[in-house]
>>> print(open('upload.cif').read())   # mmCIF, C-alpha atoms
data_coords
loop_
_atom_site.label_atom_id
_atom_site.label_comp_id
_atom_site.auth_asym_id
_atom_site.auth_seq_id
_atom_site.Cartn_x
_atom_site.Cartn_y
_atom_site.Cartn_z
CA MET V 1 -0.89 147.84 41.08
CA THR V 2 -0.74 147.88 44.90
CA ARG V 3 -2.32 144.89 46.58
CA ASN V 4 -3.73 145.74 50.00
CA THR V 5 -4.50 142.26 51.29
CA ILE V 6 -2.67 138.94 51.36
CA ARG V 7 -5.50 137.29 49.42
CA GLU V 8 -4.79 139.62 46.49
CA LEU V 9 -1.19 138.38 46.28
CA PRO V 10 -0.30 135.49 43.99
CA ALA V 11 -0.25 132.27 46.03
CA PRO V 12 3.58 131.85 45.94
CA GLU V 13 3.98 135.36 47.41
CA ARG V 14 1.62 134.88 50.33
CA PRO V 15 3.65 134.63 53.57
CA TYR V 16 2.04 131.43 54.87
CA GLU V 17 2.35 129.58 51.57
CA LYS V 18 5.86 130.95 51.05
CA CYS V 19 6.87 129.71 54.50
CA ARG V 20 5.41 126.28 53.87
CA ALA V 21 7.23 126.00 50.56
CA PHE V 22 10.62 127.51 51.41
CA GLY V 23 10.87 127.69 55.20
CA THR V 24 10.95 130.56 57.66
CA SER V 25 14.33 131.85 56.48
CA ALA V 26 12.81 132.82 53.13
CA LEU V 27 10.44 135.31 54.77
CA SER V 28 11.14 138.98 55.40
CA ASP V 29 10.59 140.45 58.87
CA ALA V 30 7.21 141.82 57.77
CA GLU V 31 6.18 138.47 56.31
CA LEU V 32 7.11 136.63 59.51
CA LEU V 33 4.97 139.02 61.53
CA ALA V 34 2.15 138.72 59.00
CA VAL V 35 2.04 134.94 59.50
CA ILE V 36 1.64 135.50 63.24
CA LEU V 37 -0.93 138.31 62.87
CA ARG V 38 -2.92 136.25 60.32
CA THR V 39 -5.43 139.03 59.60
CA GLY V 40 -5.40 142.78 59.18
CA THR V 41 -8.38 145.06 58.88
CA LYS V 42 -10.76 146.12 56.10
CA GLY V 43 -8.71 147.42 53.21
CA GLN V 44 -5.41 146.56 54.87
CA GLY V 45 -3.99 143.07 55.06
CA ALA V 46 -1.78 141.48 57.70
CA LEU V 47 1.34 142.24 55.65
CA GLU V 48 0.74 146.00 55.68
CA THR V 49 -0.19 145.85 59.36
CA ALA V 50 3.09 144.05 60.01
CA ARG V 51 5.02 146.75 58.14
CA GLN V 52 3.44 149.39 60.38
CA VAL V 53 4.49 147.44 63.46
CA LEU V 54 8.07 147.45 62.19
CA GLU V 55 7.93 151.23 61.76
CA LEU V 56 7.36 151.75 65.48
CA GLY V 57 10.13 153.18 67.61
CA PRO V 58 12.79 155.76 66.76
CA LEU V 59 13.48 156.00 63.02
CA GLY V 60 11.44 152.87 62.36
CA SER V 61 13.58 150.50 64.38
CA GLY V 62 12.25 147.31 62.80
CA LEU V 63 12.12 144.19 64.93
CA LEU V 64 13.95 145.99 67.74
CA GLY V 65 10.84 148.14 68.09
CA LEU V 66 9.12 145.13 69.66
CA TYR V 67 11.56 145.40 72.56
CA HIS V 68 10.13 148.80 73.43
CA ALA V 69 6.55 148.74 72.16
CA VAL V 70 3.83 148.48 74.79
CA PRO V 71 0.34 147.11 74.01
CA GLU V 72 -1.22 150.58 74.20
CA GLU V 73 1.13 151.82 71.49
CA LEU V 74 0.59 148.77 69.30
CA MET V 75 -3.18 149.13 69.55
CA LYS V 76 -2.99 152.48 67.74
CA ILE V 77 -2.20 150.55 64.53
CA PRO V 78 -5.32 149.63 62.52
CA GLY V 79 -5.95 145.91 62.80
CA ILE V 80 -4.13 145.53 66.14
CA GLY V 81 -6.51 144.90 69.01
CA GLU V 82 -5.68 144.02 72.59
CA VAL V 83 -5.11 140.32 71.91
CA LYS V 84 -2.69 140.91 69.03
CA ALA V 85 -0.92 143.68 70.94
CA ILE V 86 -0.28 141.33 73.85
CA GLN V 87 0.86 138.59 71.45
CA LEU V 88 3.39 140.94 69.85
CA SER V 89 4.65 142.07 73.25
CA CYS V 90 5.13 138.43 74.18
CA ILE V 91 7.17 137.89 71.00
CA GLY V 92 9.56 140.62 72.12
CA GLU V 93 9.92 139.02 75.54
CA LEU V 94 10.42 135.56 74.01
CA ALA V 95 13.18 136.98 71.80
CA ARG V 96 14.98 138.37 74.85
CA ARG V 97 14.73 135.08 76.72
CA MET V 98 15.80 132.98 73.73
CA SER V 99 18.82 135.22 73.21
CA ARG V 100 19.81 134.80 76.83
CA GLU V 101 19.31 131.03 76.80
CA SER V 102 21.31 130.59 73.60
CA ILE V 103 24.24 132.37 75.26
CA ALA V 104 24.00 130.82 78.70
CA GLY V 105 22.96 127.31 77.70
CA ASN V 106 22.11 125.10 80.63
CA SER V 107 25.15 125.98 82.72
CA ARG V 108 24.66 129.71 83.44
CA TYR V 109 28.23 130.11 84.59
CA LEU V 110 29.11 133.80 84.94
CA CYS V 111 32.79 133.38 85.67
CA SER V 112 34.20 136.21 83.58
CA PRO V 113 33.21 139.75 82.48
CA PRO V 114 32.56 138.61 78.86
CA SER V 115 30.28 135.75 79.94
CA ALA V 116 28.37 137.96 82.39
CA ALA V 117 27.99 140.80 79.88
CA ALA V 118 26.84 138.42 77.15
CA TYR V 119 24.22 136.89 79.44
CA PHE V 120 22.63 140.24 80.33
CA MET V 121 23.38 142.27 77.19
CA GLU V 122 20.37 141.71 74.93
CA GLU V 123 17.83 142.14 77.68
CA MET V 124 19.34 145.12 79.48
CA ARG V 125 20.73 147.23 76.65
CA HIS V 126 17.20 147.97 75.46
CA ARG V 127 15.91 149.18 78.83
CA GLU V 128 14.77 152.80 78.80
CA LYS V 129 15.48 153.25 82.53
CA GLU V 130 18.51 152.35 84.58
CA GLU V 131 18.07 148.99 86.26
CA LEU V 132 20.47 147.59 88.84
CA ARG V 133 20.45 143.82 89.15
CA VAL V 134 22.28 141.41 91.39
CA ALA V 135 23.20 137.88 90.31
CA PHE V 136 23.76 135.42 93.15
CA LEU V 137 26.44 132.80 92.45
CA ASN V 138 27.64 129.53 93.98
CA THR V 139 31.24 128.48 94.59
CA LYS V 140 31.78 127.70 90.88
CA GLY V 141 30.28 130.96 89.61
CA ARG V 142 27.02 129.37 88.53
CA LEU V 143 23.95 131.61 88.61
CA LEU V 144 21.59 130.65 91.41
CA LYS V 145 19.15 133.55 91.14
CA GLU V 146 18.98 137.09 89.87
CA GLU V 147 16.97 139.96 91.32
CA VAL V 148 16.18 143.50 90.23
CA LEU V 149 17.58 145.58 93.07
CA PHE V 150 16.70 149.08 91.92
CA ILE V 151 15.07 150.90 89.00
CA GLY V 152 16.04 154.48 88.34
CA THR V 153 19.25 156.47 88.43
CA VAL V 154 21.76 154.56 90.57
CA ASN V 155 22.22 156.37 93.88
CA SER V 156 24.29 154.92 96.70
CA SER V 157 22.09 156.52 99.36
CA LEU V 158 18.95 154.79 98.03
CA ILE V 159 20.38 151.28 97.67
CA SER V 160 20.44 149.13 100.78
CA PRO V 161 23.24 146.52 101.08
CA ARG V 162 21.06 144.88 103.74
CA GLU V 163 18.48 143.88 101.10
CA VAL V 164 21.22 142.54 98.85
CA PHE V 165 22.75 140.28 101.47
CA LEU V 166 19.45 139.10 102.93
CA GLU V 167 18.72 137.73 99.44
CA ALA V 168 22.26 136.36 99.14
CA LEU V 169 21.86 134.43 102.40
CA ARG V 170 18.42 133.21 101.38
CA HIS V 171 19.84 131.75 98.17
CA GLN V 172 22.97 130.47 99.93
CA ALA V 173 25.18 132.45 97.58
CA VAL V 174 28.93 132.64 98.20
CA SER V 175 29.44 135.58 95.83
CA LEU V 176 27.42 138.05 93.81
CA LEU V 177 27.68 140.06 90.63
CA LEU V 178 26.25 143.55 90.13
CA VAL V 179 24.92 144.49 86.70
CA HIS V 180 23.24 147.64 85.52
CA ASN V 181 22.57 149.46 82.27
CA HIS V 182 23.09 152.97 80.98
CA PRO V 183 20.18 153.88 78.66
CA SER V 184 22.41 156.48 77.01
CA GLY V 185 24.39 153.60 75.51
CA ASP V 186 27.65 154.81 77.09
CA PRO V 187 28.83 152.34 79.79
CA GLU V 188 31.39 154.68 81.33
CA PRO V 189 30.96 154.38 85.14
CA SER V 190 29.75 157.39 87.11
CA ARG V 191 30.88 158.41 90.58
CA GLU V 192 27.66 156.92 92.00
CA ASP V 193 28.28 153.62 90.18
CA ILE V 194 31.63 153.34 91.93
CA LEU V 195 30.24 154.36 95.34
CA VAL V 196 27.45 151.76 95.11
CA THR V 197 29.96 149.07 94.23
CA LYS V 198 32.33 149.87 97.08
CA ARG V 199 29.51 150.16 99.60
CA ILE V 200 28.11 146.73 98.73
CA GLN V 201 31.60 145.24 98.51
CA LYS V 202 32.47 146.48 102.01
CA ALA V 203 29.27 144.99 103.47
CA GLY V 204 30.03 141.68 101.74
CA GLU V 205 33.45 141.46 103.35
CA LEU V 206 31.80 141.36 106.79
CA LEU V 207 29.61 138.43 105.72
CA ASP V 208 32.31 136.66 103.70
CA ILE V 209 30.24 137.06 100.50
CA SER V 210 32.40 138.55 97.78
CA VAL V 211 31.35 140.96 95.04
CA THR V 212 32.99 139.47 91.93
CA ASP V 213 32.37 142.43 89.60
CA HIS V 214 30.08 145.25 88.57
CA ILE V 215 29.22 145.12 84.87
CA ILE V 216 27.80 148.25 83.25
CA ILE V 217 25.85 147.55 80.07
CA GLY V 218 25.82 150.07 77.21
CA ASP V 219 24.52 149.76 73.67
CA ASN V 220 26.14 146.48 72.63
CA CYS V 221 29.18 147.28 74.77
CA TYR V 222 30.08 147.05 78.43
CA ILE V 223 32.60 148.01 81.09
CA SER V 224 33.79 145.78 83.92
CA LEU V 225 34.74 147.69 87.07
CA LYS V 226 36.97 144.79 88.04
CA GLU V 227 38.86 145.00 84.73
CA ARG V 228 39.17 148.73 85.29
CA GLY V 229 40.88 148.00 88.63
CA ILE V 230 38.28 150.01 90.54
CA PHE V 231 38.01 147.30 93.19
#
>>> encode(input="upload.cif", output="structure tokens")
Amino acid sequence: MTRNTIRELPAPERPYEKCRAFGTSALSDAELLAVILRTGTKGQGALETARQVLELGPLGSGLLGLYHAVPEELMKIPGIGEVKAIQLSCIGELARRMSRESIAGNSRYLCSPPSAAAYFMEEMRHREKEELRVAFLNTKGRLLKEEVLFIGTVNSSLISPREVFLEALRHQAVSLLLVHNHPSGDPEPSREDILVTKRIQKAGELLDISVTDHIIIGDNCYISLKERGIF
């Protein structure tokens, strides 16, 4: 017999009681979400609502769907109102930030292509649009500040080195790192990627602010233009 609500489940199988007895690791993804949602709607409990949340995105992408789901999309699910939709969106953002913090720790040193790629990977590989960021660094390669420089297909004619170096001077950076994503998942650099890099690098030479690298993020993979010997 199918049980539609959590109350109809035997007590040991209810997500909240199961969590209290065995800990969070004992819960499935749907059960974890059900604990957060707390309630569903008439005839459909929080557990079934949670399962529908996990079916969002391409091919039912599970928890990764929360990276992409917007409140308006979540609110189409019965039992998900505006408040719960915003809560779920915040969970996705918290996951991104926790992933970044666990990698970077308190130091935020981006001294090598692997450390830089790891710091930006989980947040940027899920972006549906290209996003060019600049990380401003001190003399030891520690991150001082990061800024989104451009959203959209990278085009050297639309990106102003002046804006980059005004921010670099404001943050007293001695070097900077360029990072952007390819939503296709393939990090292979385009001609425009290379032109943007060289244009910003040339401007930096005049101000004695070096461009340490340009990291292109793909789907759980990356390419370093420095490692490629492009500059």
>>> closest_residue(input="upload.cif", among="V:Glu205, V:Ser210, V:Arg96, V:Arg199", to="Arg127 of chain V", atoms="all atoms listed in the file")
V:Arg96
>>> closest_residue(input="upload.cif", among="V:His214, V:Lys145, V:Arg38, V:Arg14", to="Ile80 of chain V", atoms="all atoms listed in the file")
V:Arg38
>>> atom_distance(input="upload.cif", atom1="atom CA of Glu147 of chain V", atom2="atom CA of Arg133 of chain V")
5.6 Å
>>> closest_residue(input="upload.cif", among="V:Met121, V:Ala21, V:Leu169, V:Val134", to="Ile217 of chain V", atoms="all atoms listed in the file")
V:Met121
>>> closest_residue(input="upload.cif", among="V:Glu93, V:Glu48, V:Glu167, V:Glu146", to="Val70 of chain V", atoms="all atoms listed in the file")
V:Glu93
>>> resolve_selection(input="upload.cif", expression="the PyMOL selection byres ((chain V and resi 118) around 12)", output="ChimeraX atom specification")
/V:99-105,108-117,119-125,179,215-218,220-223
>>> residues_near_point(input="upload.cif", point="(8.5, 148.3, 72.9)", cutoff="10 Å", atoms="all atoms listed in the file", output="PDB file with C-alpha atoms, in the coordinates of the input")
ATOM      1  CA  LEU V  56       7.360 151.750  65.480  1.00  0.00           C
ATOM      2  CA  GLY V  57      10.130 153.180  67.610  1.00  0.00           C
ATOM      3  CA  LEU V  63      12.120 144.190  64.930  1.00  0.00           C
ATOM      4  CA  LEU V  64      13.950 145.990  67.740  1.00  0.00           C
ATOM      5  CA  GLY V  65      10.840 148.140  68.090  1.00  0.00           C
ATOM      6  CA  LEU V  66       9.120 145.130  69.660  1.00  0.00           C
ATOM      7  CA  TYR V  67      11.560 145.400  72.560  1.00  0.00           C
ATOM      8  CA  HIS V  68      10.130 148.800  73.430  1.00  0.00           C
ATOM      9  CA  ALA V  69       6.550 148.740  72.160  1.00  0.00           C
ATOM     10  CA  VAL V  70       3.830 148.480  74.790  1.00  0.00           C
ATOM     11  CA  PRO V  71       0.340 147.110  74.010  1.00  0.00           C
ATOM     12  CA  GLU V  73       1.130 151.820  71.490  1.00  0.00           C
ATOM     13  CA  LEU V  74       0.590 148.770  69.300  1.00  0.00           C
ATOM     14  CA  LEU V  88       3.390 140.940  69.850  1.00  0.00           C
ATOM     15  CA  SER V  89       4.650 142.070  73.250  1.00  0.00           C
ATOM     16  CA  GLY V  92       9.560 140.620  72.120  1.00  0.00           C
ATOM     17  CA  GLU V  93       9.920 139.020  75.540  1.00  0.00           C
ATOM     18  CA  HIS V 126      17.200 147.970  75.460  1.00  0.00           C
ATOM     19  CA  ARG V 127      15.910 149.180  78.830  1.00  0.00           C
ATOM     20  CA  GLU V 128      14.770 152.800  78.800  1.00  0.00           C
TER      21      GLU V 128
END
>>> resolve_selection(input="upload.cif", expression="the PyMOL selection byres ((chain V and resi 194) around 9)", output="MDAnalysis selection string")
chainID V and resid 156 189:193 195:199 214 225 230:231
>>> atom_distance(input="upload.cif", atom1="atom CA of Ile91 of chain V", atom2="atom CA of Ile151 of chain V")
23.6 Å
>>> atom_distance(input="upload.cif", atom1="atom CA of Lys129 of chain V", atom2="atom CA of Pro161 of chain V")
21.2 Å
>>> build_atoms(input="upload.cif", residues="segment 173-196 of chain V", atoms="N, CA, C and O atoms", output="tab-separated table (two decimals), keeping the file's coordinate frame")
chain	number	residue	atom	x	y	z
V	173	ALA	N	24.15	132.02	98.53
V	173	ALA	CA	25.18	132.45	97.58
V	173	ALA	C	26.50	132.67	98.31
V	173	ALA	O	26.53	133.11	99.46
V	174	VAL	N	27.61	132.37	97.63
V	174	VAL	CA	28.93	132.64	98.20
V	174	VAL	C	29.55	133.90	97.58
V	174	VAL	O	30.52	134.43	98.09
V	175	SER	N	28.97	134.34	96.46
V	175	SER	CA	29.44	135.58	95.83
V	175	SER	C	28.28	136.18	95.03
V	175	SER	O	27.25	135.53	94.83
V	176	LEU	N	28.46	137.41	94.60
V	176	LEU	CA	27.42	138.05	93.81
V	176	LEU	C	28.05	138.98	92.77
V	176	LEU	O	29.19	139.42	92.91
V	177	LEU	N	27.27	139.22	91.75
V	177	LEU	CA	27.68	140.06	90.63
V	177	LEU	C	26.66	141.17	90.46
V	177	LEU	O	25.46	140.92	90.42
V	178	LEU	N	27.14	142.40	90.38
V	178	LEU	CA	26.25	143.55	90.13
V	178	LEU	C	26.24	143.86	88.64
V	178	LEU	O	27.29	143.82	87.99
V	179	VAL	N	25.06	144.15	88.12
V	179	VAL	CA	24.92	144.49	86.70
V	179	VAL	C	23.92	145.62	86.57
V	179	VAL	O	22.84	145.56	87.18
V	180	HIS	N	24.27	146.65	85.84
V	180	HIS	CA	23.24	147.64	85.52
V	180	HIS	C	23.52	148.26	84.15
V	180	HIS	O	24.60	148.09	83.59
V	181	ASN	N	22.51	148.92	83.63
V	181	ASN	CA	22.57	149.46	82.27
V	181	ASN	C	22.61	150.98	82.28
V	181	ASN	O	22.15	151.62	83.22
V	182	HIS	N	23.16	151.53	81.22
V	182	HIS	CA	23.09	152.97	80.98
V	182	HIS	C	22.26	153.18	79.72
V	182	HIS	O	22.71	152.86	78.61
V	183	PRO	N	21.03	153.68	79.83
V	183	PRO	CA	20.18	153.88	78.66
V	183	PRO	C	20.80	154.78	77.60
V	183	PRO	O	20.41	154.71	76.43
V	184	SER	N	21.75	155.61	77.98
V	184	SER	CA	22.41	156.48	77.01
V	184	SER	C	23.24	155.68	76.01
V	184	SER	O	23.58	156.17	74.93
V	185	GLY	N	23.56	154.43	76.37
V	185	GLY	CA	24.39	153.60	75.51
V	185	GLY	C	25.86	153.67	75.85
V	185	GLY	O	26.66	152.86	75.38
V	186	ASP	N	26.26	154.63	76.69
V	186	ASP	CA	27.65	154.81	77.09
V	186	ASP	C	27.86	154.13	78.46
V	186	ASP	O	27.30	154.58	79.46
V	187	PRO	N	28.67	153.08	78.53
V	187	PRO	CA	28.83	152.34	79.79
V	187	PRO	C	29.84	152.93	80.77
V	187	PRO	O	30.12	152.32	81.80
V	188	GLU	N	30.38	154.08	80.45
V	188	GLU	CA	31.39	154.68	81.33
V	188	GLU	C	30.82	154.85	82.75
V	188	GLU	O	29.75	155.44	82.93
V	189	PRO	N	31.50	154.32	83.78
V	189	PRO	CA	30.96	154.38	85.14
V	189	PRO	C	30.93	155.80	85.71
V	189	PRO	O	31.84	156.60	85.48
V	190	SER	N	29.87	156.10	86.44
V	190	SER	CA	29.75	157.39	87.11
V	190	SER	C	30.32	157.28	88.52
V	190	SER	O	30.64	156.19	89.00
V	191	ARG	N	30.42	158.41	89.19
V	191	ARG	CA	30.88	158.41	90.58
V	191	ARG	C	29.94	157.57	91.45
V	191	ARG	O	30.39	156.81	92.32
V	192	GLU	N	28.62	157.68	91.22
V	192	GLU	CA	27.66	156.92	92.00
V	192	GLU	C	27.79	155.42	91.74
V	192	GLU	O	27.62	154.61	92.66
V	193	ASP	N	28.07	155.03	90.50
V	193	ASP	CA	28.28	153.62	90.18
V	193	ASP	C	29.40	153.04	91.05
V	193	ASP	O	29.30	151.92	91.58
V	194	ILE	N	30.47	153.79	91.17
V	194	ILE	CA	31.63	153.34	91.93
V	194	ILE	C	31.32	153.30	93.43
V	194	ILE	O	31.68	152.35	94.13
V	195	LEU	N	30.60	154.32	93.93
V	195	LEU	CA	30.24	154.36	95.34
V	195	LEU	C	29.33	153.20	95.72
V	195	LEU	O	29.51	152.58	96.78
V	196	VAL	N	28.35	152.90	94.86
V	196	VAL	CA	27.45	151.76	95.11
V	196	VAL	C	28.25	150.47	95.20
V	196	VAL	O	28.05	149.65	96.10
